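S.K.: Enclosed is the structure file upload.csv (CSV, C-alpha atoms).
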```csv
chain,number,residue,atom,x,y,z
A,1,MET,CA,2.4,-60.3,-2.3
A,2,ALA,CA,-0.6,-58.2,-2.9
A,3,HIS,CA,-4.0,-59.2,-1.4
A,4,ILE,CA,-5.4,-59.7,-5.0
A,5,LYS,CA,-3.9,-61.2,-8.2
A,6,LEU,CA,-2.7,-58.2,-10.2
A,7,LEU,CA,-2.2,-58.4,-13.9
A,8,ASN,CA,1.5,-57.5,-13.6
A,9,GLU,CA,3.0,-58.4,-10.2
A,10,GLU,CA,6.3,-56.7,-11.1
A,11,LEU,CA,4.8,-53.3,-10.9
A,12,PRO,CA,5.2,-51.7,-7.5
A,13,GLY,CA,2.9,-49.8,-5.2
A,14,ILE,CA,0.0,-47.9,-6.9
A,15,VAL,CA,1.4,-48.7,-10.4
A,16,GLY,CA,0.2,-52.3,-10.3
A,17,LEU,CA,-3.2,-51.1,-9.1
A,18,LEU,CA,-3.6,-48.5,-11.8
A,19,ASN,CA,-2.7,-51.2,-14.3
A,20,TYR,CA,-5.3,-53.6,-12.8
A,21,ARG,CA,-8.3,-51.2,-13.0
A,22,PRO,CA,-8.0,-48.6,-15.8
A,23,GLU,CA,-11.6,-47.3,-15.2
A,24,THR,CA,-10.5,-45.9,-11.8
A,25,ALA,CA,-6.9,-45.3,-12.8
A,26,LYS,CA,-7.9,-42.5,-15.1
A,27,PRO,CA,-9.5,-40.1,-12.6
A,28,LEU,CA,-6.9,-41.1,-9.9
A,29,LEU,CA,-4.1,-40.0,-12.3
A,30,GLU,CA,-5.9,-36.9,-13.4
A,31,LEU,CA,-6.4,-35.8,-9.8
A,32,ALA,CA,-2.7,-36.3,-9.0
A,33,GLU,CA,-1.7,-34.4,-12.2
A,34,THR,CA,-4.0,-31.5,-11.4
A,35,LEU,CA,-3.1,-31.3,-7.7
A,36,LEU,CA,0.7,-31.7,-8.0
A,37,ARG,CA,1.5,-30.3,-11.5
A,38,GLY,CA,-1.5,-28.2,-12.5
A,39,GLU,CA,-1.7,-24.4,-12.3
A,40,SER,CA,-1.0,-23.1,-8.7
A,41,THR,CA,0.8,-20.4,-6.8
A,42,LEU,CA,2.4,-23.2,-4.8
A,43,THR,CA,5.4,-24.7,-6.7
A,44,SER,CA,5.2,-28.4,-7.7
A,45,GLY,CA,8.2,-29.0,-5.4
A,46,GLU,CA,6.2,-27.5,-2.4
A,47,ARG,CA,3.1,-29.6,-3.3
A,48,GLU,CA,5.2,-32.8,-3.6
A,49,ILE,CA,6.6,-32.1,-0.1
A,50,ILE,CA,3.1,-31.9,1.2
A,51,ALA,CA,2.2,-35.2,-0.5
A,52,ALA,CA,5.3,-36.9,0.7
A,53,SER,CA,4.9,-35.6,4.3
A,54,VAL,CA,1.3,-36.9,4.5
A,55,SER,CA,2.4,-40.2,3.1
A,56,TYR,CA,5.1,-40.5,5.7
A,57,TRP,CA,2.6,-39.7,8.5
A,58,ASN,CA,0.4,-42.5,7.1
A,59,GLN,CA,3.5,-44.8,7.0
A,60,CYS,CA,3.1,-45.5,3.3
A,61,HIS,CA,6.7,-46.2,2.2
A,62,PHE,CA,6.0,-46.3,-1.5
A,63,CYS,CA,4.1,-43.0,-1.6
A,64,HIS,CA,6.4,-41.2,0.8
A,65,THR,CA,9.6,-42.2,-1.0
A,66,SER,CA,8.3,-41.7,-4.6
A,67,HIS,CA,6.8,-38.3,-3.9
A,68,ALA,CA,9.8,-37.2,-1.9
A,69,ALA,CA,11.9,-38.2,-4.9
A,70,ALA,CA,9.6,-36.2,-7.1
A,71,ALA,CA,10.1,-33.2,-4.8
A,72,ALA,CA,13.9,-33.8,-5.1
A,73,ALA,CA,13.6,-33.7,-8.9
A,74,HIS,CA,11.6,-30.4,-8.9
A,75,LEU,CA,13.9,-28.7,-6.3
A,76,GLN,CA,17.2,-30.3,-7.5
A,77,SER,CA,17.9,-30.9,-3.8
A,78,GLY,CA,19.3,-34.4,-4.0
A,79,LEU,CA,17.7,-37.5,-2.5
A,80,SER,CA,18.6,-36.4,1.1
A,81,ILE,CA,15.3,-34.6,1.1
A,82,ILE,CA,13.6,-38.0,1.4
A,83,ASP,CA,14.9,-38.5,5.0
A,84,ASP,CA,14.7,-34.8,5.7
A,85,ILE,CA,10.9,-34.9,5.2
A,86,LYS,CA,10.7,-37.7,7.8
A,87,ALA,CA,12.5,-35.4,10.3
A,88,GLY,CA,10.2,-32.4,9.5
A,89,LEU,CA,12.5,-30.7,7.1
A,90,PRO,CA,15.2,-29.3,9.4
A,91,GLN,CA,17.8,-29.3,6.6
A,92,THR,CA,15.6,-27.9,3.8
A,93,ASN,CA,15.0,-24.3,3.1
A,94,VAL,CA,11.2,-23.9,3.0
A,95,SER,CA,9.1,-20.9,3.6
A,96,ASP,CA,7.2,-20.3,6.9
A,97,LYS,CA,4.0,-20.3,4.8
A,98,LEU,CA,4.7,-23.8,3.6
A,99,ARG,CA,5.4,-24.9,7.2
A,100,ALA,CA,2.0,-23.5,8.2
A,101,LEU,CA,0.4,-25.3,5.3
A,102,LEU,CA,2.2,-28.5,6.4
A,103,ASN,CA,0.6,-28.1,9.8
A,104,ILE,CA,-2.8,-27.9,8.2
A,105,ALA,CA,-2.0,-31.0,6.1
A,106,HIS,CA,-1.0,-32.9,9.3
A,107,GLN,CA,-4.3,-32.0,10.9
A,108,VAL,CA,-6.2,-33.3,7.9
A,109,GLN,CA,-4.2,-36.5,8.0
A,110,ARG,CA,-5.4,-37.0,11.6
A,111,GLY,CA,-9.0,-36.2,10.5
A,112,GLY,CA,-10.8,-33.4,8.7
A,113,LYS,CA,-12.3,-32.0,12.0
A,114,HIS,CA,-8.8,-31.5,13.5
A,115,VAL,CA,-8.2,-28.4,11.4
A,116,THR,CA,-8.9,-25.4,13.6
A,117,GLU,CA,-9.5,-21.7,12.9
A,118,THR,CA,-6.1,-21.1,14.6
A,119,ASP,CA,-4.4,-23.4,12.1
A,120,ILE,CA,-6.0,-21.5,9.2
A,121,ALA,CA,-5.3,-18.0,10.7
A,122,ALA,CA,-1.6,-18.9,11.1
A,123,ALA,CA,-1.3,-19.8,7.4
A,124,VAL,CA,-3.3,-16.7,6.3
A,125,GLU,CA,-1.0,-14.6,8.5
A,126,LEU,CA,2.0,-15.9,6.6
A,127,GLY,CA,0.4,-15.1,3.2
A,128,ALA,CA,-1.5,-18.3,2.3
A,129,THR,CA,-4.4,-17.6,0.0
A,130,ASP,CA,-7.8,-19.4,0.0
A,131,GLN,CA,-6.8,-21.5,-2.9
A,132,GLU,CA,-3.5,-22.5,-1.4
A,133,ILE,CA,-5.4,-23.6,1.8
A,134,HIS,CA,-8.0,-25.4,-0.4
A,135,ASP,CA,-5.3,-27.2,-2.3
A,136,THR,CA,-3.3,-28.2,0.8
A,137,VAL,CA,-6.4,-29.7,2.4
A,138,LEU,CA,-7.2,-31.6,-0.8
A,139,ILE,CA,-3.7,-32.8,-1.4
A,140,ALA,CA,-3.5,-34.1,2.2
A,141,ALA,CA,-7.0,-35.7,1.9
A,142,ALA,CA,-6.1,-37.3,-1.4
A,143,PHE,CA,-2.9,-38.9,0.0
A,144,CYS,CA,-5.0,-40.3,2.8
A,145,MET,CA,-6.7,-42.1,-0.1
A,146,TYR,CA,-3.7,-43.1,-2.2
A,147,ASN,CA,-1.8,-44.3,0.9
A,148,ARG,CA,-4.8,-46.5,2.1
A,149,TYR,CA,-5.3,-47.8,-1.5
A,150,VAL,CA,-1.6,-48.8,-1.8
A,151,ASP,CA,-1.3,-50.4,1.7
A,152,GLY,CA,-4.8,-51.7,2.0
A,153,LEU,CA,-4.2,-54.0,-1.0
A,154,GLY,CA,-0.8,-55.1,0.3
A,155,THR,CA,1.3,-54.0,-2.7
A,156,TRP,CA,5.1,-54.3,-2.7
A,157,ALA,CA,7.5,-51.4,-2.6
A,158,PRO,CA,11.3,-51.2,-3.3
A,159,VAL,CA,13.1,-50.4,0.0
A,160,PRO,CA,16.1,-48.1,-0.7
A,161,ASN,CA,15.7,-44.4,-1.4
A,162,GLU,CA,17.9,-44.7,-4.5
A,163,ALA,CA,15.5,-47.1,-6.1
A,164,TYR,CA,13.0,-44.2,-6.5
A,165,GLU,CA,15.3,-41.6,-8.2
A,166,GLU,CA,14.3,-42.3,-11.7
A,167,MET,CA,10.6,-42.7,-10.8
A,168,GLY,CA,10.7,-39.3,-9.1
A,169,GLN,CA,12.3,-37.7,-12.2
A,170,ARG,CA,9.5,-39.1,-14.3
A,171,MET,CA,6.7,-38.0,-11.9
A,172,ALA,CA,8.2,-34.5,-11.8
A,173,HIS,CA,9.1,-33.9,-15.4
A,174,VAL,CA,6.8,-36.2,-17.4
A,175,GLY,CA,3.8,-36.2,-15.2
A,176,TYR,CA,1.0,-38.5,-13.9
A,177,GLY,CA,-0.7,-40.7,-16.5
A,178,LYS,CA,1.6,-39.4,-19.2
A,179,ALA,CA,3.4,-42.1,-21.3
B,1,MET,CA,-18.3,-21.0,8.8
B,2,PRO,CA,-16.2,-22.6,6.1
B,3,HIS,CA,-12.4,-22.0,6.4
B,4,ILE,CA,-12.3,-20.4,2.9
B,5,THR,CA,-14.9,-18.3,1.1
B,6,LEU,CA,-17.4,-20.7,-0.6
B,7,SER,CA,-20.8,-20.3,-2.3
B,8,ASN,CA,-23.6,-20.6,0.2
B,9,GLU,CA,-26.0,-22.0,-2.4
B,10,PHE,CA,-24.5,-25.5,-2.4
B,11,PRO,CA,-23.7,-27.7,0.7
B,12,GLY,CA,-20.8,-30.0,1.5
B,13,ILE,CA,-18.6,-31.2,-1.4
B,14,ARG,CA,-20.8,-29.4,-3.9
B,15,SER,CA,-19.6,-26.0,-2.6
B,16,LEU,CA,-16.0,-27.2,-3.1
B,17,PHE,CA,-16.7,-28.5,-6.6
B,18,ILE,CA,-18.1,-25.0,-7.6
B,19,TYR,CA,-15.0,-23.3,-6.0
B,20,ARG,CA,-12.5,-25.4,-7.9
B,21,PRO,CA,-13.8,-27.0,-11.1
B,22,LYS,CA,-10.3,-28.2,-12.1
B,23,THR,CA,-10.2,-30.7,-9.2
B,24,ALA,CA,-13.9,-31.3,-9.2
B,25,ALA,CA,-13.7,-33.0,-12.6
B,26,PRO,CA,-11.5,-35.9,-11.6
B,27,LEU,CA,-13.1,-36.1,-8.1
B,28,ASN,CA,-16.5,-36.5,-9.7
B,29,ALA,CA,-15.3,-38.9,-12.4
B,30,LEU,CA,-13.8,-41.1,-9.7
B,31,VAL,CA,-17.0,-41.3,-7.6
B,32,GLN,CA,-19.0,-42.0,-10.8
B,33,ALA,CA,-16.7,-44.8,-11.8
B,34,MET,CA,-16.5,-46.3,-8.3
B,35,LEU,CA,-20.2,-46.1,-7.2
B,36,HIS,CA,-22.5,-45.5,-10.2
B,37,ASP,CA,-21.1,-47.0,-13.4
B,38,PRO,CA,-22.1,-50.6,-14.2
B,39,HIS,CA,-20.2,-53.2,-12.2
B,40,PRO,CA,-20.1,-56.9,-13.0
B,41,THR,CA,-21.1,-58.1,-9.5
B,42,LEU,CA,-21.7,-55.3,-6.9
B,43,SER,CA,-24.9,-53.2,-7.2
B,44,ALA,CA,-24.7,-49.5,-7.0
B,45,GLY,CA,-26.7,-49.7,-3.8
B,46,GLU,CA,-24.1,-52.0,-2.2
B,47,ARG,CA,-21.3,-49.7,-3.2
B,48,GLU,CA,-23.1,-46.7,-1.9
B,49,LEU,CA,-23.6,-48.5,1.4
B,50,ILE,CA,-19.9,-49.0,1.7
B,51,ALA,CA,-19.3,-45.3,1.1
B,52,ALA,CA,-22.0,-44.3,3.6
B,53,TYR,CA,-20.6,-46.7,6.2
B,54,VAL,CA,-17.0,-45.4,5.9
B,55,SER,CA,-18.3,-41.8,6.0
B,56,ARG,CA,-20.1,-42.6,9.2
B,57,LEU,CA,-16.9,-44.1,10.7
B,58,ASN,CA,-15.2,-40.8,9.8
B,59,ASP,CA,-18.0,-38.9,11.4
B,60,CYS,CA,-18.6,-36.9,8.2
B,61,HIS,CA,-22.2,-35.7,8.5
B,62,TYR,CA,-22.7,-34.5,4.9
B,63,CYS,CA,-21.2,-37.6,3.2
B,64,SER,CA,-22.8,-40.2,5.5
B,65,ASN,CA,-26.2,-38.6,5.0
B,66,ILE,CA,-26.1,-38.1,1.3
B,67,HIS,CA,-24.6,-41.5,0.5
B,68,GLY,CA,-26.9,-43.1,3.0
B,69,ALA,CA,-29.8,-41.5,1.2
B,70,ILE,CA,-28.5,-42.7,-2.2
B,71,ALA,CA,-28.1,-46.2,-0.9
B,72,ARG,CA,-31.6,-46.2,0.5
B,73,HIS,CA,-33.1,-45.1,-2.8
B,74,GLN,CA,-31.1,-47.8,-4.7
B,75,LEU,CA,-31.9,-50.6,-2.2
B,76,GLY,CA,-35.6,-50.5,-2.3
B,77,ASP,CA,-36.2,-47.5,0.0
B,78,ASP,CA,-35.3,-49.5,3.1
B,79,ALA,CA,-34.4,-46.9,5.7
B,80,ALA,CA,-34.0,-49.5,8.4
B,81,LEU,CA,-31.2,-51.3,6.5
B,82,MET,CA,-28.9,-48.3,6.3
B,83,GLU,CA,-29.5,-47.6,10.0
B,84,GLN,CA,-28.7,-51.3,10.8
B,85,VAL,CA,-25.4,-51.0,9.0
B,86,PHE,CA,-24.5,-47.8,10.7
B,87,GLN,CA,-25.3,-49.4,14.1
B,88,ASN,CA,-23.5,-52.7,13.5
B,89,PRO,CA,-22.8,-54.4,10.2
B,90,GLU,CA,-22.4,-57.7,12.0
B,91,THR,CA,-26.1,-57.9,12.8
B,92,ALA,CA,-27.4,-56.0,9.8
B,93,ASP,CA,-29.7,-57.7,7.3
B,94,ILE,CA,-27.1,-57.9,4.5
B,95,SER,CA,-25.3,-60.7,2.7
B,96,SER,CA,-22.4,-62.4,4.4
B,97,LYS,CA,-20.2,-61.3,1.5
B,98,LEU,CA,-21.1,-57.6,1.9
B,99,ARG,CA,-20.6,-58.0,5.7
B,100,ALA,CA,-17.0,-59.3,5.0
B,101,LEU,CA,-16.4,-56.4,2.6
B,102,LEU,CA,-17.6,-53.9,5.2
B,103,LYS,CA,-15.1,-55.4,7.6
B,104,ILE,CA,-12.3,-54.7,5.1
B,105,ALA,CA,-13.6,-51.2,4.6
B,106,ALA,CA,-13.5,-50.5,8.3
B,107,LYS,CA,-9.9,-51.7,8.5
B,108,VAL,CA,-9.0,-49.4,5.6
B,109,GLN,CA,-10.7,-46.5,7.3
B,110,LYS,CA,-8.2,-46.9,10.3
B,111,GLY,CA,-5.2,-47.3,7.9
B,112,GLY,CA,-4.3,-49.4,5.0
B,113,LYS,CA,-1.9,-51.7,6.9
B,114,ASN,CA,-4.7,-52.9,9.1
B,115,VAL,CA,-6.1,-55.1,6.4
B,116,THR,CA,-4.9,-58.7,7.1
B,117,ASP,CA,-4.7,-61.8,5.0
B,118,GLU,CA,-7.5,-63.2,7.2
B,119,ASP,CA,-9.8,-60.3,6.4
B,120,VAL,CA,-9.3,-61.0,2.7
B,121,SER,CA,-9.6,-64.8,3.1
B,122,LEU,CA,-12.9,-64.3,4.9
B,123,ALA,CA,-14.3,-62.2,2.1
B,124,ARG,CA,-13.1,-64.7,-0.5
B,125,SER,CA,-14.7,-67.6,1.5
B,126,GLU,CA,-18.0,-65.6,1.3
B,127,GLY,CA,-17.7,-65.4,-2.4
B,128,ALA,CA,-16.0,-62.0,-2.9
B,129,THR,CA,-14.0,-61.7,-6.1
B,130,ASP,CA,-10.6,-59.9,-6.5
B,131,LEU,CA,-12.4,-57.0,-8.2
B,132,GLU,CA,-14.9,-56.7,-5.4
B,133,ILE,CA,-12.0,-56.6,-2.8
B,134,HIS,CA,-10.1,-54.1,-4.9
B,135,ASP,CA,-13.2,-51.8,-5.3
B,136,THR,CA,-14.1,-52.1,-1.6
B,137,VAL,CA,-10.6,-51.0,-0.6
B,138,LEU,CA,-10.6,-48.1,-3.1
B,139,ILE,CA,-14.1,-46.9,-2.1
B,140,ALA,CA,-13.1,-47.0,1.6
B,141,ALA,CA,-9.8,-45.2,0.8
B,142,ALA,CA,-11.5,-42.6,-1.4
B,143,PHE,CA,-14.1,-41.7,1.3
B,144,CYS,CA,-11.2,-41.1,3.7
B,145,MET,CA,-10.3,-38.4,1.2
B,146,TYR,CA,-13.8,-37.0,0.5
B,147,ASN,CA,-14.7,-36.9,4.2
B,148,ARG,CA,-11.4,-35.1,5.1
B,149,TYR,CA,-11.9,-32.7,2.2
B,150,VAL,CA,-15.5,-31.8,3.3
B,151,ASP,CA,-14.7,-31.5,7.0
B,152,GLY,CA,-11.1,-30.2,6.7
B,153,LEU,CA,-12.5,-27.0,5.0
B,154,ALA,CA,-15.5,-26.9,7.4
B,155,THR,CA,-18.1,-26.8,4.6
B,156,TRP,CA,-21.8,-26.0,5.3
B,157,GLN,CA,-23.5,-29.4,6.1
B,158,PRO,CA,-27.2,-29.0,6.6
B,159,HIS,CA,-29.1,-30.9,9.2
B,160,ASP,CA,-32.2,-31.7,7.2
B,161,ASP,CA,-33.3,-35.3,6.4
B,162,GLU,CA,-35.7,-34.2,3.7
B,163,LEU,CA,-33.0,-32.3,1.8
B,164,TYR,CA,-30.6,-35.3,1.9
B,165,ASP,CA,-33.5,-37.5,0.7
B,166,LYS,CA,-34.2,-35.2,-2.2
B,167,MET,CA,-30.5,-34.9,-3.2
B,168,GLY,CA,-30.0,-38.6,-2.7
B,169,GLU,CA,-33.0,-39.4,-5.0
B,170,GLN,CA,-31.4,-37.3,-7.7
B,171,ARG,CA,-28.0,-39.0,-7.5
B,172,ALA,CA,-29.4,-42.5,-7.2
B,173,ARG,CA,-31.2,-41.9,-10.5
B,174,GLU,CA,-28.8,-39.7,-12.4
B,175,GLY,CA,-25.4,-40.5,-11.1
B,176,TYR,CA,-22.9,-37.8,-10.2
B,177,LEU,CA,-22.3,-35.9,-13.5
B,178,THR,CA,-25.5,-33.8,-13.7
B,179,PRO,CA,-25.6,-30.4,-12.1
B,180,PRO,CA,-26.8,-30.1,-8.5
B,181,PHE,CA,-29.9,-28.0,-7.6
B,182,LYS,CA,-29.4,-24.9,-5.5
B,183,VAL,CA,-30.2,-25.1,-1.8
B,184,LYS,CA,-31.5,-22.2,0.2
B,185,ARG,CA,-29.2,-21.9,3.2
B,186,GLU,CA,-31.1,-21.6,6.5
B,187,ALA,CA,-30.4,-18.4,8.3
```
Can you dump the structure from the file as structure tokens?
M.R.:
Amino acid sequence: MAHIKLLNEELPGIVGLLNYRPETAKPLLELAETLLRGESTLTSGEREIIAASVSYWNQCHFCHTSHAAAAAAHLQSGLSIIDDIKAGLPQTNVSDKLRALLNIAHQVQRGGKHVTETDIAAAVELGATDQEIHDTVLIAAAFCMYNRYVDGLGTWAPVPNEAYEEMGQRMAHVGYGKA
Amino acid sequence: MPHITLSNEFPGIRSLFIYRPKTAAPLNALVQAMLHDPHPTLSAGERELIAAYVSRLNDCHYCSNIHGAIARHQLGDDAALMEQVFQNPETADISSKLRALLKIAAKVQKGGKNVTDEDVSLARSEGATDLEIHDTVLIAAAFCMYNRYVDGLATWQPHDDELYDKMGEQRAREGYLTPPFKVKREA
């Protein structure tokens, strides 16, 4: 049971909250669409991995599983990537640059001031551009918001990974805030 | 030194908005909707106060100072009130409802799962509506984003009370969607 009376209690996670307050839903969805599906030199699959990893570190089951399922849809990796993200991606073939960006994202998750010049230099060394670093920090920061929003209002979430497969397909291929 | 190359004519999040207009648009629209647009029960000043308090808990100099200044301008220029809230909301001269909402905001700052049924019941017993509880959680969550964004890229954050007062006066009056004025960066 959510902490507040939602208009439609069947809608899980952030979906019920977006339905409850359309005035804030609009920019929240536009931000996700821009960050995860907008123009970028990082693929959408890579950006969804960052979003899902941060959500896992914040222990937000709904956000972690749904964004990992979106990554699976982009990368055609199968749903096993959901658990692989929890383990730090030992089974997934990702670039060293993405691993350096994930380190920056993890620092942001702990707090903005945790990001050091060494963390940045390591990513730059592996070819990360200013805009990739910017977007990584903003994706990580944004999921520190979405995760707190979803858990802070006590929304419900489906448990099994398989329950998120279709949602992930829609997030990946239709988009955020698109009918 | 910021971690990426940013304009040195605008401080804090404004330097990031100039750098990346595509993400600035929804980030600015969100803060406008949460803090400045008309609200059925919470004043803009009360909502700014929640934003400033969470930013202080996150130790974000730029955000706590600018939103503290905006709150002050909206709450009758009472500098002591904002300082009381920063020191301890329990003893600050604010309504018991706002005090209960700040308690929820502080829980969200540490992590969403920290908010308990008791925290929510307390706010309700002090007269908080569902919309007020929703908006408090979202404001607190959003400032855990803005604060991390501003600090995570090591933006320039002036230490100049007069400057924050001037910027805060503009935002208190105009909201978030008007252009910022340029600031001369100290050497």
S.K.: Using all atoms listed in the file, tabulate the residues of chain A lying at most 9 Å from any atom of chain B, each with its closest atom pair and that distance in Å to one decimal, by chain and increasing residue number, as a Markdown table.
M.R.:
```
| residue | atom | partner | partner_atom | distance |
| --- | --- | --- | --- | --- |
| A:His3 | CA | B:Val120 | CA | 6.9 |
| A:Ile4 | CA | B:Asp130 | CA | 5.4 |
| A:Lys5 | CA | B:Asp130 | CA | 7.0 |
| A:Leu6 | CA | B:Asp130 | CA | 8.9 |
| A:Leu17 | CA | B:His134 | CA | 8.6 |
| A:Arg21 | CA | B:Leu131 | CA | 8.6 |
| A:Glu23 | CA | B:Ala33 | CA | 6.6 |
| A:Thr24 | CA | B:Leu30 | CA | 6.2 |
| A:Ala25 | CA | B:Leu30 | CA | 8.7 |
| A:Lys26 | CA | B:Leu30 | CA | 8.1 |
| A:Pro27 | CA | B:Pro26 | CA | 4.8 |
| A:Leu28 | CA | B:Leu30 | CA | 6.9 |
| A:Leu29 | CA | B:Pro26 | CA | 8.5 |
| A:Glu30 | CA | B:Pro26 | CA | 6.0 |
| A:Leu31 | CA | B:Pro26 | CA | 5.4 |
| A:Thr34 | CA | B:Thr23 | CA | 6.6 |
| A:Leu35 | CA | B:Thr23 | CA | 7.3 |
| A:Gly38 | CA | B:Lys22 | CA | 8.8 |
| A:Asn58 | CA | B:Gly111 | CA | 7.4 |
| A:Gln59 | CA | B:Lys113 | CA | 8.8 |
| A:Cys60 | CA | B:Gly112 | CA | 8.5 |
| A:Ile104 | CA | B:Gly152 | CA | 8.7 |
| A:Gln107 | CA | B:Gly152 | CA | 8.2 |
| A:Val108 | CA | B:Gly152 | CA | 5.9 |
| A:Gln109 | CA | B:Arg148 | CA | 7.9 |
| A:Gly111 | CA | B:Arg148 | CA | 6.0 |
| A:Gly112 | CA | B:Gly152 | CA | 3.8 |
| A:Lys113 | CA | B:Asp151 | CA | 5.6 |
| A:His114 | CA | B:Gly152 | CA | 7.3 |
| A:Val115 | CA | B:Gly152 | CA | 5.8 |
| A:Thr116 | CA | B:Gly152 | CA | 8.7 |
| A:Glu117 | CA | B:His3 | CA | 7.1 |
| A:Ile120 | CA | B:His3 | CA | 7.0 |
| A:Thr129 | CA | B:Ile4 | CA | 8.9 |
| A:Asp130 | CA | B:Ile4 | CA | 5.4 |
| A:Gln131 | CA | B:Ile4 | CA | 8.1 |
| A:Ile133 | CA | B:Ile4 | CA | 7.7 |
| A:His134 | CA | B:Leu153 | CA | 7.2 |
| A:Val137 | CA | B:Tyr149 | CA | 6.3 |
| A:Leu138 | CA | B:Tyr149 | CA | 5.7 |
| A:Ile139 | CA | B:Tyr149 | CA | 9.0 |
| A:Ala140 | CA | B:Met145 | CA | 8.1 |
| A:Ala141 | CA | B:Met145 | CA | 4.3 |
| A:Ala142 | CA | B:Met145 | CA | 5.1 |
| A:Phe143 | CA | B:Met145 | CA | 7.5 |
| A:Cys144 | CA | B:Met145 | CA | 5.9 |
| A:Met145 | CA | B:Ala141 | CA | 4.5 |
| A:Tyr146 | CA | B:Ala141 | CA | 7.1 |
| A:Asn147 | CA | B:Gly112 | CA | 7.0 |
| A:Arg148 | CA | B:Gly112 | CA | 4.1 |
| A:Tyr149 | CA | B:Leu138 | CA | 5.5 |
| A:Val150 | CA | B:Gly112 | CA | 7.3 |
| A:Asp151 | CA | B:Gly112 | CA | 4.6 |
| A:Gly152 | CA | B:Gly112 | CA | 3.8 |
| A:Leu153 | CA | B:His134 | CA | 7.1 |
| A:Gly154 | CA | B:Lys113 | CA | 7.5 |
```
S.K.: Which is closer to Glu46 of chain A than all the others in A:Arg170, A:His106, A:Ala163, A:Thr92, using only C-alpha atoms?
M.R.: A:Thr92
S.K.: Can you list, as a list of chain:residue names, every protein, DNA or RNA residue that comes within 6 Å of segment 44-56 of chain B when you count all atoms listed in the file, leaving out same-chain residues fewer than 6 positions away?
M.R.: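 After dropping sequence-adjacent residues, the list is B:Leu35, B:His36, B:Cys63, B:Ser64, B:His67, B:Gly68, B:Ala71, B:Gln74, B:Leu75.
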S.K.: Between atom CA of Ser125 of chain B and atom CA of Arg99 of chain B, what is the distance in Å, rounded to a tenth?
M.R.: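 Rounded to one decimal, the two atoms are 12.0 Å apart.
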S.K.: Determine, counting only C-alpha atoms, every residue of protein, DNA or RNA that lies within 10 Å of (4.0, -35.7, -13.7) in the file coordinates, then give the result as a list of chain:residue names.
M.R.: A:Leu29, A:Glu30, A:Ala32, A:Glu33, A:Thr34, A:Leu36, A:Arg37, A:Gly38, A:Ser44, A:Ala70, A:Gly168, A:Gln169, A:Arg170, A:Met171, A:Ala172, A:His173, A:Val174, A:Gly175, A:Tyr176, A:Gly177, A:Lys178, A:Ala179
S.K.: Atom CA of Glu166 of chain A to atom CA of Ala73 of chain A: how many Å, to one decimal?
M.R.: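 Atom CA of Ala73 of chain A lies at a distance of 9.1 Å from atom CA of Glu166 of chain A.
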S.K.: Could you state the separation of atom CA of Asp83 of chain A and atom CA of Asn103 of chain A in Å, given to one decimal place?
M.R.: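 The value is 18.3 Å.
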